[in-house]
Amino acid sequence: PAQGLGPRSQGAVQAPEGSPASSPPSPRGQVMLLGDSGVGKTCFLIQFKDGAFLSGTFIATVGIDFRVRWLQIWDTAGQERFRSVTHAYYRDAQALLLLYDITNKSSFDNIRAWLTEIHEYAQRDVVIMLLGNKADVSSERVIRSEDGETLAREYGVPFMETSAKTGMNVELAFLAIAKELKYRSLWQPDGPHFQIRDFVESQKKQPSCCSFL
Ligand SMILES: Nc1nc2c(ncn2[C@@H]2O[C@H](COP(=O)(O)OP(=O)(O)OP(=O)(O)O)[C@@H](O)[C@H]2O)c(=O)[nH]1
């Protein structure tokens, strides 16, 4: 679904208390989904929103908890013509999930341009996570997982392959973001330490079939 103006679907997840849907977004717990048109941002959000209520796993439970209390998620339009609208929302974002499609090379190649744009418009300390979506479509894969890893390492951001279709790593992406934002908000010099990259590395699932390429 690509219709509409700029960030949308914010109503899909309960806004933080005291933040009516029509008001400007609260800077706290604000997450934006970014990436080229068609990479699966809307499906990713829907999988998170709907799948969460069906799942009884530990991650899902914690995810729901954080989602209701902490995260307001904004799905954005990937199409170029909506880009200027989206720019206006970057500065309020605490976290950005940047998606490409593992079956679409240009969506991967454009990640550098997205990161340049993020650098220009977002807060300097925004949490960024790179996600290679559609990992369920192994037969059409054109971007290797290692290429995603390498790019993510270059920019110092955590990376996972995901599937909005099967739900692989969808909850985990939001959980990692929620944990990082919570950690930052409660940070104390001698408090417990949390590293989002370590957390993601220890928890992420790999696609069941990685034989291609
Ligand atoms: N197999 C598979 N298909 C997916 C996945 N995620 C999304 N799709 C399909 O990819 C197409 C585009 O998905 P959207 O969620 O609309 O993409 P988008 O990034 O929101 O696109 P814009 O709104 O234009 O920016 C749809 O046909 C989805 O069914 C996935 O993880 N696996």
# chains A, B, ... in the order shown; residues from 1 in each chain; ligands from 1
call {"tool": "residues_near_ligand", "arguments": {"ligand": "ligand 1", "cutoff": "8 Å", "atoms": "only C-alpha atoms and all ligand atoms", "output": "PDB file with N, CA and C atoms, in the first residue's frame"}}
result
ATOM      1  N   PRO A   1       0.832  -1.201   0.000  1.00  0.00           N
ATOM      2  CA  PRO A   1       0.000   0.000   0.000  1.00  0.00           C
ATOM      3  C   PRO A   1       0.865   1.248   0.000  1.00  0.00           C
ATOM      4  N   ALA A   2       0.740   2.030  -1.027  1.00  0.00           N
ATOM      5  CA  ALA A   2       1.633   3.173  -1.111  1.00  0.00           C
ATOM      6  C   ALA A   2       0.865   4.487  -1.137  1.00  0.00           C
ATOM      7  N   GLN A   3      -0.432   4.422  -0.962  1.00  0.00           N
ATOM      8  CA  GLN A   3      -1.195   5.650  -1.068  1.00  0.00           C
ATOM      9  C   GLN A   3      -1.142   6.430   0.232  1.00  0.00           C
ATOM     10  N   LEU A  34      11.516   2.996   7.205  1.00  0.00           N
ATOM     11  CA  LEU A  34      11.999   3.663   5.995  1.00  0.00           C
ATOM     12  C   LEU A  34      12.506   2.635   4.989  1.00  0.00           C
ATOM     13  N   GLY A  35      12.596   3.058   3.759  1.00  0.00           N
ATOM     14  CA  GLY A  35      13.126   2.195   2.706  1.00  0.00           C
ATOM     15  C   GLY A  35      12.334   2.396   1.425  1.00  0.00           C
ATOM     16  N   ASP A  36      12.905   1.897   0.335  1.00  0.00           N
ATOM     17  CA  ASP A  36      12.272   2.069  -0.978  1.00  0.00           C
ATOM     18  C   ASP A  36      10.836   1.540  -0.997  1.00  0.00           C
ATOM     19  N   SER A  37      10.100   2.030  -1.943  1.00  0.00           N
ATOM     20  CA  SER A  37       8.738   1.546  -2.144  1.00  0.00           C
ATOM     21  C   SER A  37       8.759   0.053  -2.466  1.00  0.00           C
ATOM     22  N   GLY A  38       7.913  -0.691  -1.787  1.00  0.00           N
ATOM     23  CA  GLY A  38       7.771  -2.110  -2.089  1.00  0.00           C
ATOM     24  C   GLY A  38       8.660  -3.036  -1.285  1.00  0.00           C
ATOM     25  N   VAL A  39       9.494  -2.500  -0.405  1.00  0.00           N
ATOM     26  CA  VAL A  39      10.380  -3.386   0.371  1.00  0.00           C
ATOM     27  C   VAL A  39       9.627  -4.144   1.462  1.00  0.00           C
ATOM     28  N   GLY A  40       8.424  -3.647   1.784  1.00  0.00           N
ATOM     29  CA  GLY A  40       7.593  -4.381   2.744  1.00  0.00           C
ATOM     30  C   GLY A  40       7.354  -3.674   4.067  1.00  0.00           C
ATOM     31  N   LYS A  41       7.482  -2.373   4.092  1.00  0.00           N
ATOM     32  CA  LYS A  41       7.334  -1.629   5.353  1.00  0.00           C
ATOM     33  C   LYS A  41       5.940  -1.793   5.957  1.00  0.00           C
ATOM     34  N   THR A  42       4.930  -1.644   5.116  1.00  0.00           N
ATOM     35  CA  THR A  42       3.565  -1.735   5.633  1.00  0.00           C
ATOM     36  C   THR A  42       3.281  -3.150   6.128  1.00  0.00           C
ATOM     37  N   CYS A  43       3.713  -4.142   5.360  1.00  0.00           N
ATOM     38  CA  CYS A  43       3.516  -5.532   5.779  1.00  0.00           C
ATOM     39  C   CYS A  43       4.265  -5.820   7.082  1.00  0.00           C
ATOM     40  N   PHE A  44       5.425  -5.229   7.213  1.00  0.00           N
ATOM     41  CA  PHE A  44       6.241  -5.415   8.407  1.00  0.00           C
ATOM     42  C   PHE A  44       5.495  -4.913   9.648  1.00  0.00           C
ATOM     43  N   ASP A  75       4.737   4.310   9.757  1.00  0.00           N
ATOM     44  CA  ASP A  75       5.064   3.717   8.465  1.00  0.00           C
ATOM     45  C   ASP A  75       5.174   4.868   7.471  1.00  0.00           C
ATOM     46  N   THR A  76       6.176   4.845   6.620  1.00  0.00           N
ATOM     47  CA  THR A  76       6.338   5.946   5.660  1.00  0.00           C
ATOM     48  C   THR A  76       6.196   5.437   4.232  1.00  0.00           C
ATOM     49  N   ALA A  77       5.915   6.351   3.347  1.00  0.00           N
ATOM     50  CA  ALA A  77       5.829   6.005   1.934  1.00  0.00           C
ATOM     51  C   ALA A  77       7.232   6.014   1.347  1.00  0.00           C
ATOM     52  N   GLY A  78       7.588   4.942   0.648  1.00  0.00           N
ATOM     53  CA  GLY A  78       8.927   4.869   0.071  1.00  0.00           C
ATOM     54  C   GLY A  78       9.055   5.645  -1.232  1.00  0.00           C
ATOM     55  N   GLN A  79       7.945   5.988  -1.799  1.00  0.00           N
ATOM     56  CA  GLN A  79       8.009   6.651  -3.107  1.00  0.00           C
ATOM     57  C   GLN A  79       8.628   8.036  -3.003  1.00  0.00           C
ATOM     58  N   LEU A  99      14.616  -0.610   5.778  1.00  0.00           N
ATOM     59  CA  LEU A  99      14.410  -1.887   5.104  1.00  0.00           C
ATOM     60  C   LEU A  99      14.873  -1.860   3.653  1.00  0.00           C
ATOM     61  N   ASN A 133      14.592  -7.459   4.205  1.00  0.00           N
ATOM     62  CA  ASN A 133      13.268  -8.093   4.295  1.00  0.00           C
ATOM     63  C   ASN A 133      13.025  -9.065   3.125  1.00  0.00           C
ATOM     64  N   LYS A 134      11.974  -9.845   3.249  1.00  0.00           N
ATOM     65  CA  LYS A 134      11.540 -10.874   2.291  1.00  0.00           C
ATOM     66  C   LYS A 134      12.507 -12.061   2.282  1.00  0.00           C
ATOM     67  N   ALA A 135      13.083 -12.352   3.418  1.00  0.00           N
ATOM     68  CA  ALA A 135      14.047 -13.458   3.525  1.00  0.00           C
ATOM     69  C   ALA A 135      13.389 -14.804   3.272  1.00  0.00           C
ATOM     70  N   ASP A 136      12.069 -14.828   3.251  1.00  0.00           N
ATOM     71  CA  ASP A 136      11.366 -16.089   2.951  1.00  0.00           C
ATOM     72  C   ASP A 136      11.460 -16.461   1.471  1.00  0.00           C
ATOM     73  N   VAL A 137      11.770 -15.480   0.610  1.00  0.00           N
ATOM     74  CA  VAL A 137      11.781 -15.750  -0.840  1.00  0.00           C
ATOM     75  C   VAL A 137      13.183 -16.136  -1.289  1.00  0.00           C
ATOM     76  N   THR A 162      14.822 -10.354   7.673  1.00  0.00           N
ATOM     77  CA  THR A 162      13.479 -10.473   8.247  1.00  0.00           C
ATOM     78  C   THR A 162      12.509 -11.000   7.188  1.00  0.00           C
ATOM     79  N   SER A 163      11.355 -11.394   7.651  1.00  0.00           N
ATOM     80  CA  SER A 163      10.255 -11.686   6.723  1.00  0.00           C
ATOM     81  C   SER A 163       8.963 -11.169   7.321  1.00  0.00           C
ATOM     82  N   ALA A 164       8.399 -10.195   6.641  1.00  0.00           N
ATOM     83  CA  ALA A 164       7.093  -9.697   7.078  1.00  0.00           C
ATOM     84  C   ALA A 164       6.027 -10.748   6.808  1.00  0.00           C
ATOM     85  N   LYS A 165       6.356 -11.709   5.941  1.00  0.00           N
ATOM     86  CA  LYS A 165       5.388 -12.754   5.607  1.00  0.00           C
ATOM     87  C   LYS A 165       5.332 -13.826   6.695  1.00  0.00           C
ATOM     88  N   THR A 166       6.497 -14.343   7.060  1.00  0.00           N
ATOM     89  CA  THR A 166       6.515 -15.413   8.072  1.00  0.00           C
ATOM     90  C   THR A 166       6.639 -14.852   9.490  1.00  0.00           C
ATOM     91  N   GLY A 167       7.036 -13.614   9.583  1.00  0.00           N
ATOM     92  CA  GLY A 167       7.222 -13.003  10.907  1.00  0.00           C
ATOM     93  C   GLY A 167       8.646 -13.134  11.422  1.00  0.00           C
TER      94      GLY A 167
END
call {"tool": "select_by_dssp", "arguments": {"residues": "stretch 21-170 of chain A", "states": "strand (DSSP E)", "output": "PyMOL selection string"}}
result
chain A and resi 30-34+72-75+95-101+127-133+159-161
call {"tool": "write_last_selection", "arguments": {"atoms": "N, CA and C atoms", "output": "PDB file, in the first residue's frame"}}
result
ATOM      1  N   GLN A  30       9.471   7.105  19.419  1.00  0.00           N
ATOM      2  CA  GLN A  30       8.979   7.261  18.049  1.00  0.00           C
ATOM      3  C   GLN A  30       9.842   6.456  17.092  1.00  0.00           C
ATOM      4  N   VAL A  31       9.224   5.548  16.373  1.00  0.00           N
ATOM      5  CA  VAL A  31       9.955   4.688  15.433  1.00  0.00           C
ATOM      6  C   VAL A  31       9.422   4.925  14.035  1.00  0.00           C
ATOM      7  N   MET A  32      10.315   5.069  13.078  1.00  0.00           N
ATOM      8  CA  MET A  32       9.885   5.208  11.680  1.00  0.00           C
ATOM      9  C   MET A  32      10.388   4.039  10.859  1.00  0.00           C
ATOM     10  N   LEU A  33       9.545   3.577   9.959  1.00  0.00           N
ATOM     11  CA  LEU A  33       9.942   2.555   8.990  1.00  0.00           C
ATOM     12  C   LEU A  33      10.304   3.257   7.697  1.00  0.00           C
ATOM     13  N   LEU A  34      11.516   2.996   7.205  1.00  0.00           N
ATOM     14  CA  LEU A  34      11.999   3.663   5.995  1.00  0.00           C
ATOM     15  C   LEU A  34      12.506   2.635   4.989  1.00  0.00           C
ATOM     16  N   GLN A  72       5.663   4.322  19.371  1.00  0.00           N
ATOM     17  CA  GLN A  72       4.699   4.823  18.407  1.00  0.00           C
ATOM     18  C   GLN A  72       5.375   4.652  17.051  1.00  0.00           C
ATOM     19  N   ILE A  73       4.754   3.857  16.196  1.00  0.00           N
ATOM     20  CA  ILE A  73       5.439   3.456  14.963  1.00  0.00           C
ATOM     21  C   ILE A  73       4.794   4.130  13.762  1.00  0.00           C
ATOM     22  N   TRP A  74       5.639   4.735  12.976  1.00  0.00           N
ATOM     23  CA  TRP A  74       5.165   5.442  11.787  1.00  0.00           C
ATOM     24  C   TRP A  74       5.688   4.748  10.556  1.00  0.00           C
ATOM     25  N   ASP A  75       4.737   4.310   9.757  1.00  0.00           N
ATOM     26  CA  ASP A  75       5.064   3.717   8.465  1.00  0.00           C
ATOM     27  C   ASP A  75       5.174   4.868   7.471  1.00  0.00           C
ATOM     28  N   ALA A  95      14.043   6.261  16.637  1.00  0.00           N
ATOM     29  CA  ALA A  95      14.608   5.055  16.022  1.00  0.00           C
ATOM     30  C   ALA A  95      14.095   4.908  14.596  1.00  0.00           C
ATOM     31  N   LEU A  96      14.937   4.342  13.752  1.00  0.00           N
ATOM     32  CA  LEU A  96      14.588   4.146  12.347  1.00  0.00           C
ATOM     33  C   LEU A  96      14.861   2.707  11.963  1.00  0.00           C
ATOM     34  N   LEU A  97      13.862   2.051  11.427  1.00  0.00           N
ATOM     35  CA  LEU A  97      14.063   0.729  10.853  1.00  0.00           C
ATOM     36  C   LEU A  97      14.163   0.922   9.352  1.00  0.00           C
ATOM     37  N   LEU A  98      15.339   0.637   8.804  1.00  0.00           N
ATOM     38  CA  LEU A  98      15.609   0.890   7.393  1.00  0.00           C
ATOM     39  C   LEU A  98      15.592  -0.445   6.650  1.00  0.00           C
ATOM     40  N   LEU A  99      14.616  -0.610   5.778  1.00  0.00           N
ATOM     41  CA  LEU A  99      14.410  -1.887   5.104  1.00  0.00           C
ATOM     42  C   LEU A  99      14.873  -1.860   3.653  1.00  0.00           C
ATOM     43  N   TYR A 100      15.461  -2.974   3.229  1.00  0.00           N
ATOM     44  CA  TYR A 100      15.601  -3.239   1.810  1.00  0.00           C
ATOM     45  C   TYR A 100      14.992  -4.610   1.557  1.00  0.00           C
ATOM     46  N   ASP A 101      14.893  -4.949   0.280  1.00  0.00           N
ATOM     47  CA  ASP A 101      14.273  -6.204  -0.133  1.00  0.00           C
ATOM     48  C   ASP A 101      15.390  -7.095  -0.685  1.00  0.00           C
ATOM     49  N   VAL A 127      18.544   5.830  16.783  1.00  0.00           N
ATOM     50  CA  VAL A 127      18.883   4.409  16.689  1.00  0.00           C
ATOM     51  C   VAL A 127      18.490   3.925  15.291  1.00  0.00           C
ATOM     52  N   ILE A 128      19.434   3.289  14.612  1.00  0.00           N
ATOM     53  CA  ILE A 128      19.149   2.806  13.255  1.00  0.00           C
ATOM     54  C   ILE A 128      19.355   1.301  13.218  1.00  0.00           C
ATOM     55  N   MET A 129      18.434   0.613  12.561  1.00  0.00           N
ATOM     56  CA  MET A 129      18.625  -0.814  12.340  1.00  0.00           C
ATOM     57  C   MET A 129      18.379  -1.113  10.861  1.00  0.00           C
ATOM     58  N   LEU A 130      19.290  -1.869  10.268  1.00  0.00           N
ATOM     59  CA  LEU A 130      19.160  -2.240   8.855  1.00  0.00           C
ATOM     60  C   LEU A 130      18.513  -3.621   8.763  1.00  0.00           C
ATOM     61  N   LEU A 131      17.478  -3.730   7.936  1.00  0.00           N
ATOM     62  CA  LEU A 131      16.743  -4.984   7.815  1.00  0.00           C
ATOM     63  C   LEU A 131      16.642  -5.423   6.362  1.00  0.00           C
ATOM     64  N   GLY A 132      17.079  -6.627   6.094  1.00  0.00           N
ATOM     65  CA  GLY A 132      16.927  -7.218   4.767  1.00  0.00           C
ATOM     66  C   GLY A 132      15.645  -8.039   4.752  1.00  0.00           C
ATOM     67  N   ASN A 133      14.592  -7.459   4.205  1.00  0.00           N
ATOM     68  CA  ASN A 133      13.268  -8.093   4.295  1.00  0.00           C
ATOM     69  C   ASN A 133      13.025  -9.065   3.125  1.00  0.00           C
ATOM     70  N   PHE A 159      22.070  -5.395  12.186  1.00  0.00           N
ATOM     71  CA  PHE A 159      21.474  -5.901  10.943  1.00  0.00           C
ATOM     72  C   PHE A 159      20.803  -7.247  11.170  1.00  0.00           C
ATOM     73  N   MET A 160      19.674  -7.417  10.524  1.00  0.00           N
ATOM     74  CA  MET A 160      19.007  -8.720  10.509  1.00  0.00           C
ATOM     75  C   MET A 160      18.314  -8.905   9.179  1.00  0.00           C
ATOM     76  N   GLU A 161      18.155 -10.157   8.789  1.00  0.00           N
ATOM     77  CA  GLU A 161      17.219 -10.443   7.707  1.00  0.00           C
ATOM     78  C   GLU A 161      15.874 -10.759   8.362  1.00  0.00           C
TER      79      GLU A 161
END
call {"tool": "atom_distance", "arguments": {"atom1": "atom CA of A:Asp125", "atom2": "atom CA of A:Gly148"}}
result
21.8 Å
call {"tool": "closest_residue", "arguments": {"among": "A:Lys105, A:Ile111, A:Ser139, A:Tyr121", "to": "A:Tyr90", "atoms": "only C-alpha atoms"}}
result
A:Tyr121
call {"tool": "atom_distance", "arguments": {"atom1": "atom CA of A:Trp187", "atom2": "atom CA of A:Glu201"}}
result
21.8 Å
call {"tool": "closest_residue", "arguments": {"among": "A:Arg144, A:His193, A:Leu151, A:Asn169", "to": "A:Leu115", "atoms": "only C-alpha atoms"}}
result
A:Leu151
call {"tool": "atom_distance", "arguments": {"atom1": "atom CA of A:Leu71", "atom2": "atom CA of A:Lys182"}}
result
10.2 Å
call {"tool": "decode", "arguments": {"residues": "stretch 144-175 of chain A", "atoms": "N, CA and C atoms", "output": "CSV table (one decimal), in the first residue's frame"}}
result
chain,number,residue,atom,x,y,z
A,144,ARG,N,23.1,-11.2,-0.8
A,144,ARG,CA,23.5,-12.1,0.2
A,144,ARG,C,23.4,-11.5,1.6
A,145,SER,N,23.2,-12.4,2.5
A,145,SER,CA,23.1,-11.9,3.9
A,145,SER,C,24.4,-11.2,4.3
A,146,GLU,N,25.5,-11.8,3.8
A,146,GLU,CA,26.9,-11.2,4.1
A,146,GLU,C,27.0,-9.8,3.6
A,147,ASP,N,26.3,-9.5,2.5
A,147,ASP,CA,26.4,-8.1,1.9
A,147,ASP,C,25.6,-7.1,2.9
A,148,GLY,N,24.5,-7.6,3.4
A,148,GLY,CA,23.8,-6.8,4.4
A,148,GLY,C,24.7,-6.6,5.6
A,149,GLU,N,25.3,-7.7,6.1
A,149,GLU,CA,26.2,-7.6,7.3
A,149,GLU,C,27.3,-6.6,7.1
A,150,THR,N,27.9,-6.7,5.9
A,150,THR,CA,29.1,-5.8,5.6
A,150,THR,C,28.6,-4.3,5.6
A,151,LEU,N,27.5,-4.1,4.9
A,151,LEU,CA,27.1,-2.7,4.8
A,151,LEU,C,26.7,-2.2,6.2
A,152,ALA,N,26.1,-3.0,7.0
A,152,ALA,CA,25.7,-2.6,8.4
A,152,ALA,C,26.9,-2.3,9.2
A,153,ARG,N,27.9,-3.2,9.1
A,153,ARG,CA,29.1,-3.0,9.9
A,153,ARG,C,29.8,-1.7,9.5
A,154,GLU,N,29.8,-1.4,8.2
A,154,GLU,CA,30.4,-0.1,7.7
A,154,GLU,C,29.8,1.1,8.4
A,155,TYR,N,28.5,1.0,8.6
A,155,TYR,CA,27.8,2.2,9.2
A,155,TYR,C,27.6,2.0,10.7
A,156,GLY,N,28.1,0.9,11.2
A,156,GLY,CA,28.0,0.7,12.7
A,156,GLY,C,26.5,0.5,13.2
A,157,VAL,N,25.7,-0.2,12.4
A,157,VAL,CA,24.3,-0.4,12.8
A,157,VAL,C,24.0,-1.9,12.9
A,158,PRO,N,23.1,-2.3,13.7
A,158,PRO,CA,22.7,-3.7,13.8
A,158,PRO,C,22.0,-4.1,12.5
A,159,PHE,N,22.1,-5.4,12.2
A,159,PHE,CA,21.5,-5.9,10.9
A,159,PHE,C,20.8,-7.2,11.2
A,160,MET,N,19.7,-7.4,10.5
A,160,MET,CA,19.0,-8.7,10.5
A,160,MET,C,18.3,-8.9,9.2
A,161,GLU,N,18.2,-10.2,8.8
A,161,GLU,CA,17.2,-10.4,7.7
A,161,GLU,C,15.9,-10.8,8.4
A,162,THR,N,14.8,-10.4,7.7
A,162,THR,CA,13.5,-10.5,8.2
A,162,THR,C,12.5,-11.0,7.2
A,163,SER,N,11.4,-11.4,7.7
A,163,SER,CA,10.3,-11.7,6.7
A,163,SER,C,9.0,-11.2,7.3
A,164,ALA,N,8.4,-10.2,6.6
A,164,ALA,CA,7.1,-9.7,7.1
A,164,ALA,C,6.0,-10.7,6.8
A,165,LYS,N,6.4,-11.7,5.9
A,165,LYS,CA,5.4,-12.8,5.6
A,165,LYS,C,5.3,-13.8,6.7
A,166,THR,N,6.5,-14.3,7.1
A,166,THR,CA,6.5,-15.4,8.1
A,166,THR,C,6.6,-14.9,9.5
A,167,GLY,N,7.0,-13.6,9.6
A,167,GLY,CA,7.2,-13.0,10.9
A,167,GLY,C,8.6,-13.1,11.4
A,168,MET,N,9.5,-13.7,10.6
A,168,MET,CA,10.9,-14.0,11.1
A,168,MET,C,11.6,-12.6,11.5
A,169,ASN,N,12.0,-12.6,12.8
A,169,ASN,CA,12.7,-11.4,13.3
A,169,ASN,C,11.9,-10.1,13.4
A,170,VAL,N,10.7,-10.2,13.1
A,170,VAL,CA,9.9,-8.9,13.1
A,170,VAL,C,9.7,-8.4,14.6
A,171,GLU,N,9.2,-9.3,15.4
A,171,GLU,CA,9.1,-8.9,16.8
A,171,GLU,C,10.5,-8.5,17.4
A,172,LEU,N,11.5,-9.2,17.0
A,172,LEU,CA,12.8,-9.0,17.6
A,172,LEU,C,13.3,-7.6,17.2
A,173,ALA,N,13.0,-7.2,16.0
A,173,ALA,CA,13.5,-5.8,15.6
A,173,ALA,C,12.9,-4.8,16.5
A,174,PHE,N,11.6,-4.8,16.7
A,174,PHE,CA,10.9,-3.8,17.6
A,174,PHE,C,11.3,-4.0,19.1
A,175,LEU,N,11.5,-5.2,19.5
A,175,LEU,CA,11.9,-5.5,20.9
A,175,LEU,C,13.3,-4.9,21.1
